[in-house]
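Enquirer: Input file: data00.txt. Contents: compact mmCIF, C-alpha atoms.
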# COMPACT_ATOMS: atom_id res chain seq x y z
CA MET A 903 124.34 86.39 117.06
CA VAL A 904 123.24 83.93 114.41
CA GLU A 905 120.00 85.13 112.88
CA GLU A 906 117.31 82.50 112.86
CA VAL A 907 114.28 83.20 110.71
CA VAL A 908 111.43 80.69 110.42
CA VAL A 909 108.20 81.08 108.46
CA PHE A 910 105.14 78.98 109.18
CA GLY A 911 102.93 78.95 106.11
CA VAL A 912 100.65 77.05 103.81
CA TRP A 913 101.57 76.66 100.14
CA VAL A 914 98.21 77.89 98.86
CA SER A 915 97.97 80.92 101.14
CA PRO A 916 98.50 84.38 99.64
CA TYR A 917 99.15 85.61 103.17
CA SER A 918 102.12 83.36 103.88
CA ARG A 919 103.44 83.94 100.33
CA ARG A 920 103.51 87.68 101.11
CA VAL A 921 105.93 87.06 103.95
CA GLU A 922 108.19 84.84 101.84
CA THR A 923 108.19 87.46 99.07
CA ALA A 924 109.28 90.17 101.50
CA LEU A 925 112.10 88.02 102.90
CA ARG A 926 113.32 87.20 99.39
CA LEU A 927 113.20 90.86 98.38
CA LYS A 928 115.41 91.64 101.37
CA GLY A 929 117.69 88.70 100.66
CA VAL A 930 117.05 87.17 104.08
CA PRO A 931 117.54 83.40 104.31
CA TYR A 932 114.80 81.57 106.20
CA LYS A 933 113.52 78.15 107.08
CA TYR A 934 110.03 77.37 105.84
CA ILE A 935 107.62 75.08 107.68
CA GLU A 936 104.54 73.90 105.81
CA GLU A 937 101.56 73.65 108.12
CA ASP A 938 98.62 71.29 107.78
CA LEU A 939 95.70 73.50 108.79
CA GLY A 940 93.62 70.45 109.55
CA ASN A 941 96.26 69.32 112.02
CA LYS A 942 98.09 72.36 113.33
CA SER A 943 101.52 71.79 114.80
CA PRO A 944 102.13 72.46 118.52
CA LEU A 945 104.74 75.02 117.47
CA LEU A 946 102.22 77.02 115.45
CA LEU A 947 99.77 76.99 118.34
CA LYS A 948 102.55 78.08 120.68
CA TYR A 949 103.64 80.95 118.44
CA ASN A 950 100.17 82.17 117.50
CA PRO A 951 97.85 81.22 120.35
CA ILE A 952 95.45 84.10 119.69
CA HIS A 953 94.55 83.32 116.07
CA GLU A 954 96.15 79.90 115.47
CA LYS A 955 96.77 80.94 111.87
CA VAL A 956 99.52 81.21 109.30
CA PRO A 957 101.65 83.02 108.52
CA VAL A 958 103.84 83.37 111.55
CA LEU A 959 107.38 84.68 111.38
CA VAL A 960 109.71 83.64 114.15
CA HIS A 961 112.86 85.73 114.38
CA ASN A 962 115.42 84.54 116.93
CA GLY A 963 112.60 82.92 118.86
CA ASN A 964 110.30 85.98 118.75
CA PRO A 965 106.99 85.26 116.98
CA ILE A 966 105.14 87.80 114.86
CA ALA A 967 101.70 87.11 113.36
CA GLU A 968 99.42 88.86 110.82
CA SER A 969 100.98 89.20 107.38
CA LEU A 970 100.82 93.01 107.12
CA VAL A 971 102.32 93.39 110.60
CA ILE A 972 105.06 90.95 109.54
CA LEU A 973 105.78 92.93 106.36
CA GLU A 974 106.34 96.08 108.41
CA TYR A 975 108.54 94.17 110.84
CA ILE A 976 110.68 92.80 108.00
CA ASP A 977 111.01 96.28 106.51
CA GLU A 978 112.02 97.83 109.83
CA THR A 979 114.47 95.07 110.69
CA CYS A 980 116.24 95.31 107.33
CA PRO A 981 116.17 99.05 106.61
CA GLN A 982 119.12 98.86 104.23
CA GLY A 983 117.57 96.29 101.89
CA PHE A 984 114.90 96.60 99.21
CA PRO A 985 112.31 99.11 100.50
CA ILE A 986 108.89 97.61 101.12
CA LEU A 987 107.35 100.80 102.49
CA PRO A 988 108.25 104.27 101.19
CA LYS A 989 110.16 106.70 103.42
CA ASP A 990 107.73 109.61 103.30
CA PRO A 991 105.05 109.50 106.07
CA TYR A 992 102.19 110.42 103.73
CA GLU A 993 103.20 107.79 101.18
CA ARG A 994 103.50 105.27 104.01
CA ALA A 995 99.98 106.15 105.18
CA THR A 996 98.71 105.66 101.61
CA ALA A 997 100.50 102.30 101.29
CA ARG A 998 99.12 101.11 104.63
CA PHE A 999 95.65 102.25 103.63
CA GLY A 1000 95.86 100.38 100.33
CA SER A 1001 97.06 97.17 101.96
CA LYS A 1002 94.38 97.28 104.63
CA PHE A 1003 91.77 97.99 101.96
CA ILE A 1004 92.80 94.84 100.14
CA ASP A 1005 92.52 92.68 103.26
CA ASP A 1006 89.44 94.24 104.86
CA LYS A 1007 87.33 94.89 101.78
CA CYS A 1008 88.66 93.35 98.56
CA MET A 1009 89.48 89.88 99.76
CA PRO A 1010 86.10 89.20 101.45
CA ALA A 1011 84.19 90.56 98.45
CA ILE A 1012 86.26 88.57 95.95
CA THR A 1013 85.88 85.39 98.00
CA GLN A 1014 82.12 85.82 98.31
CA ALA A 1015 81.77 86.75 94.63
CA CYS A 1016 83.67 83.69 93.41
CA TRP A 1017 82.76 81.11 95.99
CA GLY A 1018 79.43 82.29 97.36
CA GLU A 1019 76.04 81.28 96.10
CA GLY A 1020 72.94 82.91 94.69
CA GLU A 1021 71.98 86.44 95.60
CA ALA A 1022 74.81 86.92 98.09
CA SER A 1023 77.32 86.08 95.39
CA ASP A 1024 75.66 88.41 92.85
CA LYS A 1025 75.78 91.27 95.31
CA ALA A 1026 79.41 90.47 96.05
CA VAL A 1027 80.26 90.58 92.34
CA GLU A 1028 78.90 94.12 92.23
CA GLU A 1029 80.82 95.08 95.34
CA ALA A 1030 84.07 93.44 94.22
CA THR A 1031 83.82 95.24 90.88
CA GLU A 1032 83.44 98.58 92.66
CA LEU A 1033 86.39 97.84 94.93
CA LEU A 1034 88.61 96.71 92.07
CA MET A 1035 87.72 99.98 90.34
CA PHE A 1036 89.20 101.88 93.28
CA MET A 1037 92.41 99.92 92.77
CA GLU A 1038 92.30 100.48 89.02
CA ASN A 1039 92.02 104.24 89.54
CA GLU A 1040 94.69 104.29 92.23
CA LEU A 1041 97.18 102.41 90.04
CA LYS A 1042 96.56 104.56 86.95
CA GLU A 1043 99.24 103.79 84.40
CA ASN A 1044 101.96 103.19 86.96
CA ARG A 1045 103.96 100.06 86.60
CA PHE A 1046 103.33 99.06 90.21
CA PHE A 1047 101.37 100.43 93.16
CA GLY A 1048 104.79 101.15 94.64
CA GLY A 1049 105.75 103.19 91.56
CA GLU A 1050 108.65 101.96 89.49
CA ARG A 1051 109.27 99.09 91.88
CA ILE A 1052 107.16 96.68 93.86
CA GLY A 1053 106.02 97.90 97.25
CA MET A 1054 103.85 96.85 100.15
CA VAL A 1055 100.58 97.30 98.28
CA ASP A 1056 101.80 95.18 95.35
CA ILE A 1057 102.84 92.43 97.74
CA ALA A 1058 99.49 92.66 99.55
CA ALA A 1059 97.67 92.65 96.20
CA ASN A 1060 99.05 89.21 95.34
CA ILE A 1061 95.48 88.05 95.83
CA VAL A 1062 94.39 90.22 92.92
CA GLY A 1063 97.52 89.60 90.89
CA PHE A 1064 97.48 85.83 90.99
CA TRP A 1065 94.84 84.15 93.11
CA LEU A 1066 91.89 86.01 91.58
CA GLY A 1067 92.76 84.60 88.15
CA THR A 1068 92.76 81.06 89.52
CA PHE A 1069 89.40 81.61 91.28
CA GLU A 1070 87.93 82.95 88.06
CA GLN A 1071 89.18 79.99 86.08
CA VAL A 1072 87.79 77.41 88.50
CA THR A 1073 84.43 79.04 89.28
CA GLY A 1074 83.70 80.72 85.96
CA VAL A 1075 83.03 84.05 87.71
CA GLU A 1076 84.56 86.91 85.74
CA LEU A 1077 85.69 89.89 87.77
CA MET A 1078 88.85 91.40 86.33
CA THR A 1079 88.32 91.74 82.61
CA ARG A 1080 90.75 93.64 80.42
CA ASP A 1081 88.16 96.02 79.03
CA LYS A 1082 86.95 97.07 82.47
CA PHE A 1083 90.35 96.96 84.17
CA PRO A 1084 93.15 97.70 81.70
CA ASN A 1085 95.56 99.03 84.34
CA LEU A 1086 95.05 96.16 86.77
CA THR A 1087 95.31 93.61 83.97
CA ASN A 1088 98.63 95.02 82.80
CA TRP A 1089 99.83 95.21 86.37
CA SER A 1090 98.94 91.59 87.09
CA ILE A 1091 100.94 90.46 84.05
CA GLU A 1092 103.99 92.43 85.24
CA PHE A 1093 103.42 91.18 88.75
CA VAL A 1094 103.54 87.46 87.99
CA ARG A 1095 106.52 87.99 85.67
CA ASN A 1096 108.61 89.67 88.35
CA ASN A 1097 111.55 87.47 89.33
CA VAL A 1098 111.01 87.51 93.07
CA ILE A 1099 107.23 87.30 92.92
CA LYS A 1100 107.17 84.37 90.56
CA GLU A 1101 109.50 82.35 92.79
CA ASN A 1102 106.94 82.78 95.54
CA LEU A 1103 103.74 81.81 93.83
CA PRO A 1104 102.32 78.31 93.92
CA PRO A 1105 102.51 76.60 90.50
CA ARG A 1106 99.36 77.70 88.68
CA GLU A 1107 98.25 74.22 87.59
CA GLU A 1108 98.64 72.86 91.11
CA MET A 1109 96.70 75.80 92.51
CA ILE A 1110 93.89 75.20 90.01
CA SER A 1111 93.81 71.46 90.88
CA TYR A 1112 93.66 72.28 94.55
CA LEU A 1113 90.76 74.72 94.07
CA ARG A 1114 88.88 72.27 91.83
CA LYS A 1115 89.17 69.57 94.51
CA LYS A 1116 87.96 72.01 97.16
CA ARG A 1117 85.04 73.03 95.00
CA SER A 1118 83.84 69.49 94.36
CA ALA A 1119 84.24 68.58 98.02
CA ARG A 1120 81.54 71.13 98.94
CA MET B 198 98.49 129.65 110.46
CA ALA B 199 99.55 126.37 112.07
CA SER B 200 96.00 125.43 113.02
CA GLN B 201 94.93 125.58 109.38
CA GLU B 202 97.55 123.11 108.23
CA VAL B 203 95.89 120.24 110.06
CA LYS B 204 92.20 119.43 109.86
CA LEU B 205 90.46 116.50 111.46
CA LEU B 206 87.01 115.36 110.43
CA GLY B 207 85.44 113.49 113.33
CA PHE B 208 82.29 112.58 115.16
CA TRP B 209 81.83 113.54 118.82
CA VAL B 210 81.22 110.03 120.14
CA SER B 211 83.42 108.03 117.81
CA PRO B 212 86.26 106.28 119.64
CA PHE B 213 88.05 106.17 116.29
CA SER B 214 88.18 109.93 115.75
CA ILE B 215 88.78 110.68 119.41
CA ARG B 216 91.87 108.48 119.55
CA VAL B 217 93.34 110.62 116.76
CA GLU B 218 92.50 113.78 118.72
CA TRP B 219 94.26 112.31 121.74
CA ALA B 220 97.38 111.77 119.64
CA LEU B 221 97.36 115.30 118.23
CA LYS B 222 96.77 116.82 121.67
CA LEU B 223 99.49 114.71 123.31
CA LYS B 224 101.94 115.91 120.69
CA GLY B 225 100.76 119.50 121.04
CA VAL B 226 99.75 119.75 117.38
CA ASP B 227 97.24 122.49 116.56
CA TYR B 228 94.39 121.38 114.38
CA GLU B 229 90.99 122.45 113.16
CA TYR B 230 88.28 120.01 114.21
CA ILE B 231 85.32 119.55 111.91
CA GLU B 232 82.31 117.73 113.33
CA GLU B 233 80.66 115.46 110.79
CA ASP B 234 77.14 114.18 111.08
CA ILE B 235 77.76 110.57 110.13
CA PHE B 236 74.04 109.97 109.64
CA ASN B 237 73.88 112.76 107.11
CA LYS B 238 77.31 112.71 105.52
CA SER B 239 78.60 115.88 103.98
CA SER B 240 79.78 115.96 100.39
CA ARG B 241 83.12 117.03 101.82
CA LEU B 242 83.45 113.76 103.77
CA LEU B 243 82.35 111.68 100.79
CA GLU B 244 84.90 113.47 98.61
CA LEU B 245 87.75 113.07 101.09
CA ASN B 246 87.07 109.44 101.97
CA PRO B 247 85.23 107.93 99.02
CA VAL B 248 86.44 104.42 99.80
CA HIS B 249 85.04 104.07 103.32
CA LYS B 250 82.93 107.22 103.71
CA LYS B 251 83.93 107.32 107.37
CA VAL B 252 85.53 109.47 110.00
CA PRO B 253 88.19 110.14 111.07
CA VAL B 254 89.83 111.81 108.11
CA LEU B 255 93.01 113.80 108.60
CA VAL B 256 94.04 116.52 106.17
CA HIS B 257 97.59 117.78 106.58
CA ASP B 258 98.86 120.41 104.14
CA GLY B 259 96.24 119.20 101.69
CA LYS B 260 97.22 115.55 102.05
CA VAL B 261 94.20 113.42 102.86
CA MET B 262 94.41 110.28 104.98
CA ALA B 263 92.02 107.93 106.74
CA GLU B 264 91.85 104.91 109.11
CA SER B 265 92.59 105.78 112.73
CA PHE B 266 95.51 103.38 113.37
CA ILE B 267 97.16 104.60 110.18
CA LEU B 268 96.62 108.19 111.33
CA LEU B 269 98.27 107.44 114.69
CA GLU B 270 101.36 106.18 112.87
CA TYR B 271 101.34 109.17 110.51
CA ILE B 272 101.14 111.56 113.44
CA ASP B 273 104.03 109.80 115.19
CA GLU B 274 106.19 109.84 112.05
CA THR B 275 105.45 113.46 111.17
CA TRP B 276 105.63 115.11 114.59
CA LYS B 277 108.62 113.45 116.16
CA GLN B 278 108.43 115.21 119.52
CA ASP B 279 107.54 113.44 122.76
CA PRO B 280 105.62 111.43 123.51
CA LEU B 281 106.88 108.92 120.98
CA LEU B 282 103.78 106.87 120.38
CA LEU B 283 105.25 103.71 118.90
CA PRO B 284 108.07 101.82 120.59
CA GLN B 285 111.54 102.10 119.08
CA ASP B 286 112.25 98.38 118.86
CA PRO B 287 110.76 96.67 115.75
CA TYR B 288 109.59 93.62 117.70
CA GLU B 289 107.84 95.79 120.29
CA ARG B 290 106.29 97.78 117.45
CA SER B 291 104.97 94.61 115.85
CA LYS B 292 103.44 93.55 119.18
CA ALA B 293 101.76 96.93 119.59
CA ARG B 294 100.29 96.72 116.08
CA PHE B 295 99.18 93.13 116.65
CA TRP B 296 97.41 93.83 119.95
CA ALA B 297 95.75 96.97 118.63
CA ARG B 298 94.14 94.79 115.98
CA VAL B 299 93.12 92.10 118.47
CA ALA B 300 91.36 94.71 120.60
CA GLU B 301 89.68 96.26 117.57
CA GLU B 302 88.74 93.17 115.57
CA LYS B 303 87.73 91.01 118.47
CA LEU B 304 86.89 92.83 121.69
CA LEU B 305 85.36 95.89 120.09
CA GLU B 306 83.37 93.99 117.44
CA TYR B 307 81.97 91.41 119.85
CA SER B 308 81.24 93.92 122.62
CA PHE B 309 79.33 96.20 120.30
CA THR B 310 77.41 93.28 118.83
CA ALA B 311 76.60 91.99 122.32
CA MET B 312 75.28 95.42 123.24
CA CYS B 313 72.94 95.54 120.25
CA THR B 314 71.58 91.99 120.20
CA HIS B 315 69.41 89.71 122.34
CA GLY B 316 69.04 86.05 123.11
CA GLU B 317 71.46 83.56 121.68
CA LYS B 318 73.20 86.07 119.40
CA LYS B 319 73.95 88.18 122.42
CA GLU B 320 75.20 85.23 124.45
CA GLN B 321 77.56 84.18 121.67
CA ALA B 322 78.93 87.68 121.20
CA LEU B 323 79.30 88.13 124.93
CA LYS B 324 81.24 84.88 125.27
CA SER B 325 83.60 85.88 122.45
CA ALA B 326 84.03 89.35 123.93
CA VAL B 327 84.99 87.93 127.31
CA GLU B 328 87.48 85.55 125.66
CA ALA B 329 89.10 88.46 123.88
CA ALA B 330 89.14 90.49 127.09
CA GLU B 331 90.88 87.63 128.88
CA LYS B 332 93.65 87.58 126.29
CA ILE B 333 94.07 91.32 126.62
CA GLU B 334 94.12 91.01 130.41
CA GLU B 335 97.04 88.58 130.16
CA GLU B 336 98.87 91.06 127.99
CA MET B 337 98.11 93.86 130.45
CA LYS B 338 99.46 91.72 133.31
CA ARG B 339 102.65 91.01 131.33
CA ASN B 340 103.21 94.72 130.85
CA ASN B 341 103.94 95.86 134.38
CA LYS B 342 104.53 99.52 133.51
CA LYS B 343 102.36 102.57 134.03
CA PHE B 344 101.03 102.47 130.48
CA LEU B 345 101.24 100.05 127.57
CA GLY B 346 103.62 102.54 125.98
CA GLY B 347 105.85 102.46 129.07
CA GLU B 348 106.15 105.45 131.34
CA SER B 349 104.17 107.61 128.92
CA ILE B 350 101.04 106.93 126.89
CA GLY B 351 101.71 105.26 123.57
CA TYR B 352 100.08 103.90 120.45
CA LEU B 353 98.62 100.85 122.13
CA ASP B 354 97.12 102.87 124.99
CA LEU B 355 95.45 105.14 122.45
CA ALA B 356 94.31 102.16 120.39
CA MET B 357 92.80 100.45 123.44
CA GLY B 358 91.64 103.61 125.21
CA TRP B 359 88.01 102.96 124.24
CA ILE B 360 88.05 99.99 126.64
CA ALA B 361 88.47 102.37 129.57
CA TYR B 362 85.55 104.64 128.69
CA TRP B 363 83.30 103.36 125.88
CA LEU B 364 83.13 99.76 127.03
CA PRO B 365 81.59 100.54 130.45
CA VAL B 366 78.94 102.60 128.64
CA TRP B 367 78.19 99.71 126.27
CA GLU B 368 78.02 97.34 129.22
CA GLU B 369 75.43 99.57 130.87
CA VAL B 370 73.39 100.05 127.69
CA GLY B 371 73.54 96.33 126.90
CA SER B 372 72.85 95.27 130.50
CA MET B 373 75.89 93.07 130.45
CA GLN B 374 79.32 92.75 131.96
CA ILE B 375 82.46 91.96 130.02
CA VAL B 376 85.28 93.43 132.09
CA ASP B 377 84.40 92.53 135.65
CA PRO B 378 86.95 94.42 137.82
CA SER B 379 87.44 91.43 140.10
CA GLN B 380 88.29 89.19 137.13
CA PHE B 381 90.25 91.80 135.19
CA PRO B 382 92.41 93.64 137.73
CA ALA B 383 95.18 94.64 135.30
CA THR B 384 92.80 96.01 132.67
CA THR B 385 90.82 97.85 135.35
CA ALA B 386 93.92 99.41 136.89
CA TRP B 387 95.26 100.45 133.47
CA SER B 388 91.86 101.95 132.58
CA LYS B 389 91.91 104.09 135.66
CA ARG B 390 95.45 105.35 135.02
CA PHE B 391 94.56 106.03 131.39
CA LEU B 392 91.47 108.08 132.24
CA ASP B 393 93.42 109.99 134.90
CA HIS B 394 95.89 111.29 132.33
CA PRO B 395 95.33 115.08 132.01
CA VAL B 396 95.05 115.07 128.20
CA ILE B 397 92.72 112.08 128.08
CA LYS B 398 90.55 113.30 130.94
CA GLN B 399 89.90 116.57 129.14
CA ASN B 400 89.05 114.91 125.86
CA LEU B 401 86.23 112.52 126.54
CA PRO B 402 82.65 112.85 125.32
CA PRO B 403 80.07 113.44 128.09
CA ARG B 404 78.91 110.12 129.53
CA ASP B 405 75.26 111.06 129.88
CA LYS B 406 75.06 111.98 126.20
CA MET B 407 76.85 108.76 125.30
CA LEU B 408 74.27 106.70 127.17
CA VAL B 409 71.44 108.38 125.27
CA TYR B 410 73.24 107.94 121.98
CA PHE B 411 74.05 104.26 122.42
CA HIS B 412 70.60 103.42 123.75
CA GLU B 413 69.27 104.87 120.53
CA ARG B 414 71.80 102.92 118.44
CA ARG B 415 70.90 99.71 120.24
CA LYS B 416 67.24 100.21 119.40
CA ILE B 417 67.94 100.90 115.76
CA LEU B 418 70.58 98.23 115.21
CA GLY B 419 68.89 95.66 117.44
CA GLY B 420 66.66 94.57 114.60
CA LEU B 421 69.43 94.51 112.05
CA VAL B 422 72.51 93.01 113.71
Represent the structure of the file as structure tokens.
Expert:
Amino acid sequence: MVEEVVVFGVWVSPYSRRVETALRLKGVPYKYIEEDLGNKSPLLLKYNPIHEKVPVLVHNGNPIAESLVILEYIDETCPQGFPILPKDPYERATARFGSKFIDDKCMPAITQACWGEGEASDKAVEEATELLMFMENELKENRFFGGERIGMVDIAANIVGFWLGTFEQVTGVELMTRDKFPNLTNWSIEFVRNNVIKENLPPREEMISYLRKKRSAR
Amino acid sequence: MASQEVKLLGFWVSPFSIRVEWALKLKGVDYEYIEEDIFNKSSRLLELNPVHKKVPVLVHDGKVMAESFILLEYIDETWKQDPLLLPQDPYERSKARFWARVAEEKLLEYSFTAMCTHGEKKEQALKSAVEAAEKIEEEMKRNNKKFLGGESIGYLDLAMGWIAYWLPVWEEVGSMQIVDPSQFPATTAWSKRFLDHPVIKQNLPPRDKMLVYFHERRKILGGLV
């Protein structure tokens, strides 16, 4: 059977970039479809009727939504390739916990801290700092959250590794400073330098332009 | 010594800790249950789950883990005897994980909010809850087997089990209806089969105590939600 892999994404989205990163790590060729979120394609709505969001992975006509669910699917479908999740059940539980933590807690706090206003934003800065500290302590002096190599948590943490820096630059909010977060800072440098990761990040200047436009449109 | 290898910190009325107990009991895994007072958290809980400060927490051979869906997967991967909780096929697994989240992030959130609020807030939450329930009903209809896991209870049944038992309590406490049996025949039939399962039936908190508890929660949260 000819394998057909399609990814519906948006160039600025860390979530769809996660999926592309995973496919590249596994060496899986795929077709990419850029969605206009202001004018969603009928195909996207067909494949993700519940959330109507990107990313969606369609494998031989079967759609899978939610980036972390997709990452697990990619890992299970290509067990012989680059490991995204570890083999040991406890390490897998830890990796899943870390990834969920990033999505459920870090991302909302970071977004509110950088893009929110007034008191809500100040509170969020405090919260985001606390949450990043958890990550800092979890990482310790390891090269990656996955150990010697990139793993699921590193891929999920692309928000912290790349997008956070662009938010900080555009909004002037400072969250991840080197003196407070030496481990995370070092990690983020390694992260964006990694061959596969860097192929799957939006060009920094274009990302900054995009965020600046969004900010002035508010 | 087997029962000392596995410890579960839980709360008697929490659907999150009970779903983990269901999994352990279905697999026949011995464990020590430790009841936590979530309104007066022990230093032990705060030490074991500093990130979320919540139950359930599972400790296996000294390894500490949290988040109920993650614990279900850990249990399935560690104790490989029947029943196998997650499907074998990766696509089926991804669907189970997806729907577990839909039920949790949409139906559960909105139902609980609807129970605790009044007026327009309640109407909005109720509407969203019913929409989520409708999507789940379609999924239930599509799955024409005894359980969502097939012939035996699986991950998705355990993840959605609260719908069969907690949701009717919340409906009563909130004087509302989300899953009307005449509109949701598949969900209703699945709920009945789920609650009839011998392991589930024996591991449910007492309904009368639940009503008291959630009435109290509604009063307290009603001003805040």
Enquirer: If you count all atoms listed in the file, which residues fall within 9 Å of Glu906 (chain A), apart from same-chain ones fewer than 4 positions away, as JSON, numbers by chain?
Expert: {"A": [931, 932, 933, 960, 961, 962, 963]}
Enquirer: Could you write out the selected residues, including C-alpha atoms, as an mmCIF file, in the coordinates of the input?
Expert:
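Contents of result.cif, as written:
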data_model
loop_
_atom_site.group_PDB
_atom_site.id
_atom_site.type_symbol
_atom_site.label_atom_id
_atom_site.label_comp_id
_atom_site.auth_asym_id
_atom_site.auth_seq_id
_atom_site.Cartn_x
_atom_site.Cartn_y
_atom_site.Cartn_z
ATOM 1 C CA PRO A 931 117.540 83.400 104.310
ATOM 2 C CA TYR A 932 114.800 81.570 106.200
ATOM 3 C CA LYS A 933 113.520 78.150 107.080
ATOM 4 C CA VAL A 960 109.710 83.640 114.150
ATOM 5 C CA HIS A 961 112.860 85.730 114.380
ATOM 6 C CA ASN A 962 115.420 84.540 116.930
ATOM 7 C CA GLY A 963 112.600 82.920 118.860
#
Enquirer: Which distance in Å separates CA of Gln1014 (chain A) and CA of Glu1032 (chain A), to one decimal?
Expert: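 So the two atoms, CA of Gln1014 (chain A) and CA of Glu1032 (chain A), lie 14.0 Å apart.
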Enquirer: Check every residue of chain A for an atom within 7 Å of chain B, counting only C-alpha atoms, and provide those that qualify as a PDB file with C-alpha atoms, in the frame of the given file.
Expert:
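And here is the file that came out, out01.pdb:
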ATOM      1  CA  ILE A 966     105.140  87.800 114.860  1.00  0.00           C
ATOM      2  CA  VAL A 971     102.320  93.390 110.600  1.00  0.00           C
ATOM      3  CA  TYR A 975     108.540  94.170 110.840  1.00  0.00           C
ATOM      4  CA  GLU A 978     112.020  97.830 109.830  1.00  0.00           C
ATOM      5  CA  THR A 979     114.470  95.070 110.690  1.00  0.00           C
ATOM      6  CA  PRO A 991     105.050 109.500 106.070  1.00  0.00           C
ATOM      7  CA  TYR A 992     102.190 110.420 103.730  1.00  0.00           C
ATOM      8  CA  ALA A 995      99.980 106.150 105.180  1.00  0.00           C
ATOM      9  CA  ARG A 998      99.120 101.110 104.630  1.00  0.00           C
TER      10      ARG A 998
END
Enquirer: Between CA of Leu255 (chain B) and CA of Leu206 (chain B), measure the distance and give it in Å to one decimal.
Expert: 6.5 Å
Enquirer: Can you tell me which residues surround region 203-205 of chain B at a distance of at most 9 Å, considering all atoms listed in the file, apart from same-chain residues fewer than 4 positions away, and format the answer as an MDAnalysis selection string?
Expert: chainID B and resid 199 214 217:218 226:232 252:259
Enquirer: Those residues with C-alpha atoms, as a compact mmCIF listing (two decimals), in the coordinates of the input please?
Expert:
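What landed in again_36.txt:
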# COMPACT_ATOMS: atom_id res chain seq x y z
CA ALA B 199 99.55 126.37 112.07
CA SER B 214 88.18 109.93 115.75
CA VAL B 217 93.34 110.62 116.76
CA GLU B 218 92.50 113.78 118.72
CA VAL B 226 99.75 119.75 117.38
CA ASP B 227 97.24 122.49 116.56
CA TYR B 228 94.39 121.38 114.38
CA GLU B 229 90.99 122.45 113.16
CA TYR B 230 88.28 120.01 114.21
CA ILE B 231 85.32 119.55 111.91
CA GLU B 232 82.31 117.73 113.33
CA VAL B 252 85.53 109.47 110.00
CA PRO B 253 88.19 110.14 111.07
CA VAL B 254 89.83 111.81 108.11
CA LEU B 255 93.01 113.80 108.60
CA VAL B 256 94.04 116.52 106.17
CA HIS B 257 97.59 117.78 106.58
CA ASP B 258 98.86 120.41 104.14
CA GLY B 259 96.24 119.20 101.69
Enquirer: So how many Å separate CA of Pro365 (chain B) and CA of Leu223 (chain B), to one decimal?
Expert: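 A separation of 23.9 Å between them.
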